[in-house]
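Dropping structure-v9.csv in here (CSV, C-alpha atoms):
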```
chain,number,residue,atom,x,y,z
A,283,LYS,CA,-38.1,-11.5,2.2
A,284,ILE,CA,-34.7,-12.0,3.8
A,285,ASN,CA,-31.7,-11.7,1.6
A,286,LEU,CA,-29.8,-14.7,2.8
A,287,ASN,CA,-26.7,-14.0,0.8
A,288,LEU,CA,-26.4,-10.5,2.3
A,289,LEU,CA,-27.0,-11.9,5.8
A,290,ILE,CA,-24.4,-14.6,5.3
A,291,SER,CA,-21.8,-12.2,4.0
A,292,LEU,CA,-22.3,-9.9,7.0
A,293,PHE,CA,-22.2,-12.8,9.4
A,294,LEU,CA,-18.8,-13.9,8.0
A,295,LYS,CA,-17.3,-10.5,8.3
A,296,ILE,CA,-17.8,-10.3,12.0
A,297,SER,CA,-17.8,-14.0,13.0
A,298,MET,CA,-14.1,-13.9,14.0
A,299,LYS,CA,-14.7,-10.8,16.1
A,300,LEU,CA,-17.8,-11.6,18.1
A,301,ILE,CA,-17.7,-14.1,20.9
A,302,PHE,CA,-20.1,-16.9,20.1
A,303,LYS,CA,-21.8,-16.6,23.4
A,304,ASN,CA,-22.4,-12.9,23.1
A,305,PHE,CA,-23.8,-13.3,19.6
A,306,ILE,CA,-26.5,-15.7,20.9
A,307,PHE,CA,-27.3,-13.3,23.7
A,308,ILE,CA,-27.9,-10.4,21.3
A,309,VAL,CA,-30.3,-12.4,19.2
A,310,ASN,CA,-32.1,-13.8,22.2
A,311,LYS,CA,-32.4,-10.5,23.9
A,312,TYR,CA,-34.1,-8.8,20.9
A,313,TYR,CA,-36.2,-11.8,20.2
A,314,MET,CA,-37.6,-11.8,23.7
A,315,LEU,CA,-38.3,-8.1,23.5
A,316,ILE,CA,-40.2,-8.1,20.2
A,317,ASN,CA,-41.1,-11.7,19.7
A,318,ASN,CA,-40.6,-11.4,16.0
A,319,ARG,CA,-38.2,-13.7,14.2
A,320,PHE,CA,-37.6,-11.6,11.1
A,321,VAL,CA,-37.2,-8.3,13.1
A,322,ALA,CA,-34.7,-10.1,15.4
A,323,ILE,CA,-32.7,-11.1,12.3
A,324,PHE,CA,-32.8,-7.5,11.1
A,325,ILE,CA,-31.5,-6.1,14.4
A,326,THR,CA,-28.8,-8.8,14.6
A,327,SER,CA,-27.7,-7.9,11.1
A,328,LEU,CA,-27.6,-4.3,12.0
A,329,VAL,CA,-25.3,-5.1,14.9
A,330,ILE,CA,-23.0,-7.1,12.6
A,331,ILE,CA,-22.9,-4.2,10.1
A,332,LEU,CA,-22.0,-1.6,12.7
A,333,SER,CA,-19.3,-3.9,14.1
A,334,GLY,CA,-17.9,-4.7,10.7
A,335,CYS,CA,-17.7,-1.1,9.7
A,336,ALA,CA,-15.0,-0.6,12.3
A,337,SER,CA,-12.6,-2.8,10.4
A,338,ASN,CA,-10.4,-1.3,7.7
A,339,SER,CA,-7.7,-3.7,6.5
A,340,HIS,CA,-5.7,-0.7,5.0
A,341,SER,CA,-5.4,0.4,8.6
A,342,VAL,CA,-5.0,-3.0,10.3
A,343,PHE,CA,-2.2,-4.0,7.9
A,344,TYR,CA,-0.6,-0.5,7.6
A,345,LYS,CA,3.2,-0.3,8.1
A,346,GLN,CA,4.9,3.1,8.6
A,347,ASN,CA,7.8,3.7,6.3
A,348,LEU,CA,9.2,6.9,7.7
A,349,ASN,CA,10.0,8.2,11.1
A,350,SER,CA,8.6,11.5,12.6
A,351,GLU,CA,11.7,13.5,11.5
A,352,GLU,CA,11.4,12.3,7.9
A,353,ILE,CA,7.6,12.9,7.8
A,354,SER,CA,8.2,16.5,9.0
A,355,LYS,CA,10.0,17.1,5.6
A,356,LEU,CA,6.9,16.3,3.7
A,357,SER,CA,3.9,18.4,2.7
A,358,LEU,CA,1.1,16.5,4.3
A,359,LEU,CA,-2.6,16.5,3.4
A,360,LYS,CA,-4.4,19.7,4.7
A,361,THR,CA,-7.5,19.5,6.8
A,362,GLY,CA,-10.6,19.3,4.7
A,363,LYS,CA,-8.8,18.1,1.6
A,364,THR,CA,-9.3,14.8,-0.1
A,365,PRO,CA,-6.4,12.6,-1.2
A,366,GLU,CA,-5.9,11.7,-4.8
A,367,LEU,CA,-6.5,8.0,-5.5
A,368,ILE,CA,-4.5,6.4,-8.3
A,369,ARG,CA,-5.5,2.8,-9.4
A,370,SER,CA,-2.6,0.9,-10.9
A,371,SER,CA,-2.2,-2.2,-13.1
A,372,ASP,CA,1.6,-1.9,-12.9
A,373,LEU,CA,2.8,-0.9,-9.5
A,374,ASP,CA,6.5,-0.7,-10.3
A,375,TYR,CA,6.0,1.7,-13.2
A,376,ASP,CA,3.5,3.9,-11.5
A,377,PHE,CA,5.4,4.0,-8.3
A,378,ARG,CA,8.6,5.1,-10.0
A,379,LYS,CA,6.7,7.7,-11.9
A,380,LEU,CA,5.2,9.2,-8.7
A,381,LYS,CA,8.6,9.1,-6.9
A,382,SER,CA,10.2,11.0,-9.8
A,383,LYS,CA,7.7,13.8,-9.0
A,384,HIS,CA,9.1,14.0,-5.5
A,385,LEU,CA,6.4,11.9,-3.8
A,386,GLU,CA,7.7,9.8,-0.9
A,387,VAL,CA,6.0,6.8,0.8
A,388,ILE,CA,4.8,7.5,4.3
A,389,GLY,CA,3.6,3.9,4.7
A,390,LEU,CA,1.9,1.1,2.9
A,391,SER,CA,-0.7,-1.7,3.4
A,392,ALA,CA,-0.8,-5.1,1.9
A,393,PHE,CA,-3.2,-8.0,2.5
A,394,ASN,CA,-5.4,-10.6,0.8
A,395,GLY,CA,-9.1,-10.6,1.4
A,396,ASN,CA,-12.5,-9.1,0.3
A,397,PRO,CA,-12.0,-6.1,-2.0
A,398,HIS,CA,-12.0,-2.8,-0.2
A,399,GLY,CA,-13.4,0.4,-1.7
A,400,GLU,CA,-12.2,3.9,-2.0
A,401,LYS,CA,-13.6,5.0,1.4
A,402,GLU,CA,-11.2,2.8,3.3
A,403,LEU,CA,-8.3,4.2,1.3
A,404,ILE,CA,-9.4,7.8,1.9
A,405,ASP,CA,-9.9,7.2,5.6
A,406,GLN,CA,-6.4,5.8,6.0
A,407,ALA,CA,-4.8,8.5,3.9
A,408,ILE,CA,-6.4,11.2,6.0
A,409,LYS,CA,-5.3,9.4,9.1
A,410,VAL,CA,-1.6,9.4,8.1
A,411,GLY,CA,-1.7,12.7,6.1
A,412,ALA,CA,-1.1,11.2,2.6
A,413,THR,CA,-1.9,13.5,-0.3
A,414,HIS,CA,-1.8,10.6,-2.8
A,415,VAL,CA,-2.7,6.9,-2.7
A,416,LEU,CA,-1.4,4.4,-5.3
A,417,PHE,CA,-3.4,1.2,-5.0
A,418,TYR,CA,-3.6,-2.2,-6.7
A,419,ALA,CA,-6.1,-5.1,-6.4
A,420,LYS,CA,-5.8,-8.4,-8.3
A,421,PHE,CA,-8.4,-11.2,-8.1
A,422,VAL,CA,-6.9,-14.4,-6.7
A,423,THR,CA,-9.6,-16.9,-6.0
A,424,ALA,CA,-13.2,-17.5,-5.0
A,425,GLN,CA,-13.3,-19.3,-1.7
A,426,GLN,CA,-16.3,-21.3,-0.6
A,427,ILE,CA,-17.1,-20.9,3.1
A,428,SER,CA,-19.6,-22.7,5.3
A,429,SER,CA,-20.8,-21.1,8.5
A,430,PRO,CA,-23.5,-21.8,11.1
A,431,LEU,CA,-26.4,-19.4,11.3
A,432,ILE,CA,-28.4,-19.4,14.5
A,433,LEU,CA,-32.0,-18.1,14.3
A,434,PRO,CA,-35.0,-18.0,16.7
A,435,ASN,CA,-37.4,-20.9,16.0
A,436,GLY,CA,-40.5,-19.0,17.0
A,437,ILE,CA,-41.2,-20.9,20.2
A,438,GLY,CA,-38.6,-19.5,22.5
A,439,GLY,CA,-35.6,-21.5,21.3
A,440,PHE,CA,-33.1,-21.5,18.5
A,441,ASN,CA,-32.4,-23.5,15.3
A,442,THR,CA,-29.0,-23.9,13.7
A,443,THR,CA,-28.5,-24.2,10.0
A,444,THR,CA,-25.4,-24.4,7.9
A,445,LEU,CA,-25.2,-21.9,5.1
A,446,SER,CA,-22.5,-21.5,2.4
A,447,SER,CA,-21.2,-18.4,0.7
A,448,GLN,CA,-18.6,-17.5,-1.8
A,449,GLN,CA,-15.9,-15.1,-0.7
A,450,MET,CA,-14.0,-13.2,-3.4
A,451,ARG,CA,-10.3,-12.8,-2.4
A,452,TYR,CA,-8.0,-10.2,-3.9
A,453,ASP,CA,-4.3,-9.4,-3.3
A,454,GLN,CA,-4.4,-5.7,-2.4
A,455,LYS,CA,-1.7,-3.2,-1.9
A,456,ALA,CA,-1.6,0.6,-1.3
A,457,TYR,CA,1.1,3.2,-1.0
A,458,PHE,CA,0.3,6.3,1.0
A,459,LEU,CA,2.4,9.2,-0.3
A,460,ALA,CA,3.1,12.9,0.2
A,461,LYS,CA,5.4,15.4,-1.6
A,462,ARG,CA,8.9,16.4,-0.4
A,463,LYS,CA,9.2,20.0,0.7
A,464,GLU,CA,12.7,20.2,-0.8
A,465,ALA,CA,14.1,18.4,-3.9
A,466,PRO,CA,17.0,15.9,-3.4
A,467,LEU,CA,20.4,17.6,-3.9
A,468,VAL,CA,21.7,15.3,-6.7
A,469,GLY,CA,18.4,13.7,-7.8
A,470,ILE,CA,19.2,10.0,-8.0
A,471,TYR,CA,17.5,7.2,-6.1
A,472,PRO,CA,19.8,4.1,-6.4
A,473,ILE,CA,19.1,0.4,-5.7
A,474,ASP,CA,21.4,-2.6,-5.5
A,475,LEU,CA,21.8,-4.7,-8.6
A,476,THR,CA,19.6,-7.8,-8.8
A,477,ILE,CA,21.1,-11.2,-9.6
A,478,GLU,CA,19.4,-11.0,-13.0
A,479,LYS,CA,20.9,-7.6,-13.7
A,480,LYS,CA,24.4,-8.7,-12.7
A,481,LYS,CA,24.1,-11.6,-15.2
A,482,GLU,CA,22.9,-9.3,-17.9
A,483,ILE,CA,25.7,-6.7,-17.6
A,484,GLY,CA,28.4,-9.2,-16.6
A,485,ARG,CA,29.5,-7.5,-13.4
A,486,ASN,CA,28.8,-7.7,-9.6
A,487,SER,CA,29.5,-4.1,-8.6
A,488,GLY,CA,27.6,-0.9,-9.2
A,489,VAL,CA,24.1,0.4,-8.5
A,490,MET,CA,21.1,0.9,-10.7
A,491,VAL,CA,19.4,4.2,-11.1
A,492,TRP,CA,15.8,3.4,-10.1
A,493,VAL,CA,14.5,6.9,-10.1
A,494,VAL,CA,15.7,10.3,-11.4
A,495,TYR,CA,13.8,13.1,-9.6
A,496,GLU,CA,12.4,15.7,-12.1
A,497,GLY,CA,14.0,19.1,-12.1
A,498,THR,CA,17.2,18.0,-10.3
A,499,PRO,CA,20.8,18.3,-11.5
A,500,ALA,CA,20.8,14.5,-12.4
A,501,PHE,CA,17.6,15.1,-14.4
A,502,TYR,CA,19.1,18.0,-16.5
A,503,ALA,CA,22.4,16.0,-16.9
A,504,ASN,CA,20.3,13.4,-18.7
A,505,ILE,CA,21.0,10.5,-16.4
A,506,LEU,CA,18.2,8.0,-17.0
A,507,PRO,CA,16.4,5.3,-15.0
A,508,ASP,CA,18.0,1.9,-15.3
A,509,ASP,CA,21.5,3.4,-15.9
A,510,ILE,CA,24.2,1.5,-14.0
A,511,ILE,CA,26.5,3.7,-11.9
A,512,THR,CA,30.0,2.1,-11.7
A,513,GLU,CA,32.1,5.0,-10.5
A,514,VAL,CA,31.7,8.3,-8.7
A,515,ASN,CA,34.5,10.8,-9.0
A,516,GLY,CA,36.8,8.0,-10.2
A,517,LYS,CA,36.0,5.7,-7.2
A,518,SER,CA,34.4,2.3,-7.8
A,519,ILE,CA,30.9,1.7,-6.5
A,520,LEU,CA,30.4,-1.7,-4.9
A,521,ASN,CA,26.7,-1.4,-3.9
A,522,GLU,CA,24.0,1.0,-2.7
A,523,ASP,CA,25.7,1.6,0.8
A,524,SER,CA,29.0,2.4,-0.8
A,525,TYR,CA,27.3,4.8,-3.2
A,526,LEU,CA,25.4,6.7,-0.4
A,527,ASP,CA,28.6,6.9,1.8
A,528,LEU,CA,30.6,8.3,-1.1
A,529,ILE,CA,27.9,10.9,-2.1
A,530,LYS,CA,27.7,12.1,1.5
A,531,SER,CA,31.4,12.7,1.6
A,532,ILE,CA,31.4,15.0,-1.5
A,533,ASP,CA,30.7,18.7,-1.4
A,534,PHE,CA,28.3,18.7,-4.3
A,535,LYS,CA,27.6,22.4,-4.3
A,536,LEU,CA,31.4,23.2,-4.5
A,537,ASP,CA,32.8,20.4,-6.7
A,538,GLY,CA,29.9,18.7,-8.5
A,539,ILE,CA,30.1,15.0,-9.3
A,540,THR,CA,31.4,13.0,-12.2
A,541,PHE,CA,29.5,9.7,-12.8
A,542,GLU,CA,30.8,6.8,-14.8
A,543,ILE,CA,27.6,5.1,-16.1
A,544,LEU,CA,27.1,1.9,-18.0
A,545,ARG,CA,24.2,2.2,-20.5
A,546,ASP,CA,23.4,-0.2,-23.3
A,547,GLY,CA,26.9,-1.8,-22.9
A,548,LYS,CA,28.7,1.5,-23.2
A,549,ASN,CA,30.6,3.4,-20.5
A,550,ILE,CA,29.6,7.1,-20.5
A,551,LYS,CA,30.8,9.9,-18.2
A,552,PHE,CA,28.3,12.5,-16.8
A,553,ASN,CA,29.4,15.7,-15.1
A,554,VAL,CA,26.6,16.8,-12.7
A,555,THR,CA,26.7,20.2,-11.1
A,556,GLU,CA,24.1,22.2,-9.1
```
Would you kindly transcribe this structure into structure tokens?
Amino acid sequence: KINLNLLISLFLKISMKLIFKNFIFIVNKYYMLINNRFVAIFITSLVIILSGCASNSHSVFYKQNLNSEEISKLSLLKTGKTPELIRSSDLDYDFRKLKSKHLEVIGLSAFNGNPHGEKELIDQAIKVGATHVLFYAKFVTAQQISSPLILPNGIGGFNTTTLSSQQMRYDQKAYFLAKRKEAPLVGIYPIDLTIEKKKEIGRNSGVMVWVVYEGTPAFYANILPDDIITEVNGKSILNEDSYLDLIKSIDFKLDGITFEILRDGKNIKFNVTE
């Protein structure tokens, strides 16, 4: 017996990639050779499967996050090794956790469609040299799709029938990461304040500590994620750009850094040295 649901699913996967004319030609060619309707369907399905296997949405929708110079500072996946896959139900929390362990994002993929398995994630990770993959998939909707199916009619011609299938659609996202070869000098990853955070703390200036890298001077000084940095060495911080510019101008190894931090409504000073 022919599994119509499987056949429909396979047809839909490749329908946007095969030219309609060529699809009919394939069916007709094999039908004329073997003169068997069901074997012709099987061969056509095989063609669809082989064509569909070439599509990996994690590759198609992949966006590189680092340039070649930045990638050279990472310890990439070694030949023959398998990347570690980490399924997440809370991307923000898990991403911050991995970043605190000195893992940096090489690139990411994001798309909505049929759920992809681990093989596609592993293939893309190997391609870009990622040692870890943090991925997330959330069901969005079941979409009903109708599509024409053309089959030999047994007398040298073709019949067309309309078949329906249900496509499960998921929002999917994956971060491809590798570990830094060297730890950050100070150990703070800052981000600009959101509008909500500005309202919460009652000020427009400053940066939020998004990640504290483990084992760095900031880590041992007990600066914490979500702390608000308002001053560095007595100079006010406007935003992320002003923070980074000021940090670059300081000889940290020689002088260290004094941070003015807002935490739970209180201003606290932290002296951070190498």
Q | For Leu403 in chain A: contacts at 9 Å, only C-alpha atoms, fewer than 3 positions along chain excluded, given as number ranges by chain | A | A: 338, 340-341, 365, 367, 398-400, 406-408, 415, 417, 456, 458
(Q) List the spatial neighbours of range 530-533 of chain A as a list in words - criterion: any atom at most 12 Å away, only C-alpha atoms, same-chain residues fewer than 3 positions off excluded. (A)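 Contacts, in chain order: Leu467, Val468, Val514, Asn515, Lys517, Asp523, Ser524, Tyr525, Leu526, Asp527, Leu536, Asp537, Gly538, Ile539, Thr540, Thr555 and Glu556 of chain A.
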Q. Any idea what the distance is between CA of Leu390 in chain A and CA of Lys345 in chain A?
A.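 Computed distance, CA of Leu390 in chain A to CA of Lys345 in chain A, equals 5.5 Å.
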Q. So what do you get for CA of Ser391 in chain A versus CA of Tyr495 in chain A, distance-wise?
A.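 Between CA of Ser391 in chain A and CA of Tyr495 in chain A the gap works out to 24.5 Å.
Of the listed residues A:Lys381, A:Lys363, A:Asn394, A:Leu475, the one whose atoms come nearest to Ser339 in chain A is A:Asn394, with distances taken using all atoms listed in the file.
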Q: Figure out the distance between CA of Glu366 in chain A and CA of Leu416 in chain A, please, to one decimal in Å.
A: 8.6 Å
Q: Do a neighbour search on range 519-522 of chain A at 12 Å with all atoms listed in the file, toss out local chain neighbours closer than 5 positions, and write the hits as a PyMOL selection string.
A: chain A and resi 470-476+480+485-492+510-514+527-529+541-543
Could those residues be written to a file, using C-alpha atoms, as a CSV table (one decimal), in the frame of the given file?
```
chain,number,residue,atom,x,y,z
A,470,ILE,CA,19.2,10.0,-8.0
A,471,TYR,CA,17.5,7.2,-6.1
A,472,PRO,CA,19.8,4.1,-6.4
A,473,ILE,CA,19.1,0.4,-5.7
A,474,ASP,CA,21.4,-2.6,-5.5
A,475,LEU,CA,21.8,-4.7,-8.6
A,476,THR,CA,19.6,-7.8,-8.8
A,480,LYS,CA,24.4,-8.7,-12.7
A,485,ARG,CA,29.5,-7.5,-13.4
A,486,ASN,CA,28.8,-7.7,-9.6
A,487,SER,CA,29.5,-4.1,-8.6
A,488,GLY,CA,27.6,-0.9,-9.2
A,489,VAL,CA,24.1,0.4,-8.5
A,490,MET,CA,21.1,0.9,-10.7
A,491,VAL,CA,19.4,4.2,-11.1
A,492,TRP,CA,15.8,3.4,-10.1
A,510,ILE,CA,24.2,1.5,-14.0
A,511,ILE,CA,26.5,3.7,-11.9
A,512,THR,CA,30.0,2.1,-11.7
A,513,GLU,CA,32.1,5.0,-10.5
A,514,VAL,CA,31.7,8.3,-8.7
A,527,ASP,CA,28.6,6.9,1.8
A,528,LEU,CA,30.6,8.3,-1.1
A,529,ILE,CA,27.9,10.9,-2.1
A,541,PHE,CA,29.5,9.7,-12.8
A,542,GLU,CA,30.8,6.8,-14.8
A,543,ILE,CA,27.6,5.1,-16.1
```
(Q) Let me make sure I understand: among A:Glu478, A:Asp453, A:Glu352, A:Glu464, which one has the smallest atom-to-atom distance to Gly389 in chain A if we use only C-alpha atoms? (A)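 Closest residue, counting only C-alpha atoms: A:Glu352.
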